[in-house]
Every structure is written in structure tokens, then in C-alpha cells.
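Colleague: This is the structure, below, for whatever I ask next.
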Amino acid sequence: MTIGVHCGNEDSQSYSRKWIEKLQKSGIDVLCLNLLMPDALEKAMKCDGIMCLWEHTPFDKQSARMILYVIENYLHKPVFPDTATAWHYDEKVAQYYLLSSLNASMPETWIFWDIEYALKWTDSVQFPVVFKLSSGAGSSNVLKVKNKKHAIELINKSFRYGIFPYTMNEYKNQTIIPLTTNLMKQTIFRIKDSISYILFGDFPRLRPTWWKPELGYIYFQEFLNNNQYDTRISIIGNRAFGFRRFNRSEDFRASGSGNIDYDPAKIDQRCISEAFKLSKLGRFQSMAYDFLFKNDKPVVCEISYAFADWAVHNCHGFWDDTLTWHETDIWPEDAQVEDFISFVSNNK
């Protein structure tokens with residue numbers, strides 16, 4: 001058996017290195033390849049399966065998603081992550097529709113594709129609510145919307161100008177194309193961009209990484225008060241890894257806080273059961289679920305096939321689908337490789 005591993009993305013090399021080590025220890029031949037090269041499909045044909053961790057950047061979402069889709073569905077090679085696992089990665093709007101179809105318990109969510117419907121909604125909703133861009137990790141692009149005025153400002157930006165990811169909350173200093181309600185400042189920036197285009201042909205000014213603006217929709221979610229932490233459950237095959245992430249100081253957001261409690265006794269097992277159920281229904285190879293509580297019941301806010309491997313490793317054990325605890329140190333990459341080898345073997 002030969003497994004191809006995409007080794008071209010520096011940001012994902014931690015995963016690819018561990019995958020390669022585990023594959024080789026398991027007696028599997030490894031072909032290190034770069035799926036972004038012209039010979040990618042030719043090399044993929046020589047493999048029995050392909051593994052590629054792709055990040056939540058516009059570049060990876062544009063390239064890796066389509067390349068892996070072709071390898072899986074037209075070259076008929078098993079891939080990790082497969083389409084069912086990753087088509088909705090870093091797209092909260094897509095995740096909402098997916099989780100709704102799986103009858104997942106979620107906070108109330110409002111997604112609008114029409115500005116007039118969105119503006120009319122502000123007359124009836126009870127504030128505060130939470131605004132989110134479809135993309136973003138570590139609580140980026142997430143705001144508490146305290147009143148109607150703020151909601152209308154965000155709606156107008158989202159439909160009329162667009163919002164670049166990672167230009168909000170603590171990321172706002174990274175703004176390249178500022179979005180401001182001050183008409184004079186906005187006009188000055190647009191004049192500068194127009195002059196730059198005329199002189200140098202480089203309009204609009206885009207960020208080197210987060211160059212795709214979010215435009216044409218708006219996403220709001222119910223604000224669930226009295227949640228001091230979220231519960232992250234990561235499912236890989238028949239293994240559930242869990243920990244709690246406490247909110248930032250004087251903030252309602254937990255993701256990216258780094259304030260983690262790994263005590264398995266503190267994990268509400270209803271979260272584990274729900275995560276196992278959703279992974280089975282969705283046919284996910286690997287999936288992390290972020291749970292909050294609504295009326296003392298767990299609800300899923302977001303999902304992600306990729307996650308920080310060290311956080312899962314620090315769990316020092318996992319539950320199986322009978323909710324039996326297994327005390328062990330395991331890297332998520334090792335679990336993913338074990339499952340992938342088994343799948344490829346059974347489908348040769």
C-alpha cells in the first residue's frame with residue numbers, strides 16, 4: 001500500500017510529519033507530494049489514498065477543496081479529508097444548513113441573503129445577538145451585537161461593501177480596506193484606492209493571506225448568556241476527545257482563549273453522545289464540535305474537521321462510543337492514520 005501525503009503547506013507540516021511517521025511505523029509506503037503542482041493528479045494515481053491537511057485560508061479553500069474532490073470522485077481514490085468531512089470547513093453558513101439537516105441541537109440562528117429581509121428582522125429580534133462571518137477561527141470575526149443600530153451597521157457593511165475576515169474585534173488593526181461608518185474617511189480611502197489603481201493597477205488593495213471579502217449575506221446567532229466556557233469534543237472514528245475552554249477575561253468568547261480544563265470528569269457526556277451521533281450521520285472522518293448550553297441542554301455552535309493537535313493530545317485519553325474512558329496519550333494524527341489505513345485496506 002502507498003499513501004500520498006501532501007507536504008507543500010508549511011502551516012500543516014506538523015500534521016503531515018506525524019502522518020508520515022505513523023504511516024511508516026505501520027509499514028506503509030509514503031509518497032510525499034505537492035497537490036498544487038501540475039503533476040499532482042499523475043502522482044495521485046500511483047497512490048492507494050491521499051492525505052492532505054488544508055487550512056482555513058481562502059487560498060487553501062479555493063485549491064485543496066476542488067483538487068481533493070476530483071481525486072476522490074473521479075480518480076476514485078480515498079482521501080483525507082473526504083468531501084463529507086470538509087466541504088463545509090470554515091464556513092459557518094454551510095455548517096448551519098448541514099447541522100439543521102442532521103437535526104442537531106443548535107442556538108437559534110438567522111441567515112439572510114437579502115438586505116431588506118435582514119433590515120426588517122432588526123425590528124423584531126431581541127438583542128443582544130451574536131454576529132459571525134462565515135469564515136474565521138479562534139473567535140475571530142465574532143461580535144456581540146447589543147442593539148438595533150449596531151445590527152443595521154453590520155447589515156449595510158455585509159451587503160453593500162463586504163467585510164474582510166480578521167478585521168474585527170482584536171484583529172481590527174490588521175484591516176487593509178477599512179470598513180467605517182464615517183462617510184468622509186470611507187470616501188478618502190476609496191479615492192486613494194482609485195488613484196492607486198489608475199497609477200499602478202493594483203486596485204483593490206488585498207491582504208496577502210485573507211484576500212477574499214465576505215459579501216452578500218449576514219449571519220446572526222442567539223446570544224446564550226451564562227456560559228462561562230464551551231465544551232470541545234473531537235471525534236476521530238470511535239474516539240472522542242474532550243476538554244472545556246473558559247472564556248477570555250470579561251468576554252463571552254471561549255475559542256482561542258487558551259484557558260483549557262482537561263479534566264474528563266467535568267465533561268457533560270451528553271456532548272459526547274451528540275458528537276458521536278452527528279459524526280455517524282454526517283459520515284465525518286474527523287470532526288471537532290463546540291458546545292454551549294441552552295436551558296441546561298448542550299447545543300452545537302460550530303464544527304471543524306481540523307484543530308490544534310496538541311490540545312487533543314493533552315486530553316490524555318478518549319471515550320469510545322459506549323462512553324468508556326481509555327487512559328492513553330495519542331496524537332490525533334495517529335488516530336486519523338489508523339482509520340485511514342483501515343478504510344483504504346477495506347476498499348482496495
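Scheme for the C-alpha cells: letters A, B, ... for chains in order shown; per-chain residue numbers from 1; ligand numbers from 1 in order shown.
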Would you pick out the contacts of Ser105 in chain A at 8 Å or less, using only C-alpha atoms, so that residues sharing its chain but fewer than 4 positions from it are not included, and give the list as a list in words?
Modeller: Pro298, Val299 and Val300 of chain A
Colleague: Kindly save the residues from that selection, with C-alpha atoms included, as a CSV table (one decimal), in the first residue's frame.
Modeller:
```
chain,number,residue,atom,x,y,z
A,298,PRO,CA,-26.0,21.2,25.0
A,299,VAL,CA,-26.2,22.9,21.6
A,300,VAL,CA,-23.7,22.8,18.8
```
Colleague: Determine, counting only C-alpha atoms, which protein, DNA and RNA residues have an atom within 8 Å of an atom of Tyr15 in chain A; residues of the same chain fewer than 4 positions away are not included. Present the result as a ChimeraX atom specification.
Modeller: /A:19,53,309,333
Colleague: Run DSSP on the backbone and tell me which residues of range 20-122 of chain A come out as strand (DSSP E or B); list them as a ChimeraX atom specification.
Modeller: /A:29-33,49-51,79-80,109-112
Colleague: Please determine, counting only C-alpha atoms, which residue among A:Leu119, A:Ala308, A:Cys52, A:Leu133 has the shortest atom-to-atom distance to Glu91 in chain A.
Modeller: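 The answer is A:Leu133, which sits nearest to Glu91 in chain A.
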Colleague: Tell me which protein, DNA and RNA residues are within 8 Å of Thr109 in chain A, counting only C-alpha atoms, leaving out same-chain ones fewer than 4 positions away, and put them as a list in words.
Modeller: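 Residues meeting the cut-off are Tyr96, Tyr219, Phe220, Gln221 and Glu222 of chain A.
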Colleague: How far is it from CA of Ser101 in chain A to CA of Ala288 in chain A, in Å with one decimal?
Modeller: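 Taking CA of Ser101 in chain A and CA of Ala288 in chain A, their separation equals 17.9 Å.
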Colleague: What is the distance, in Å and to one decimal place, between CA of Ile303 in chain A and CA of Glu21 in chain A?
Modeller: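 One can read the CA of Ile303 in chain A to CA of Glu21 in chain A distance as 27.3 Å.
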Colleague: Which is closer to Val125 in chain A than all the others in A:Val142, A:Ile272, A:Cys7, A:Ala151, using only C-alpha atoms?
Modeller: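 Comparing A:Val142, A:Ile272, A:Cys7, A:Ala151 against Val125 in chain A, the winner is A:Ala151.
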Colleague: Name all residues at most 12 Å from Ile341 in chain A (count only C-alpha atoms; drop same-chain ones fewer than 3 positions away) and give them as an NGL selection string.
Modeller: :A and (1-4 or 19 or 22-24 or 26-30 or 48-51 or 78-80 or 334-338 or 344-348)
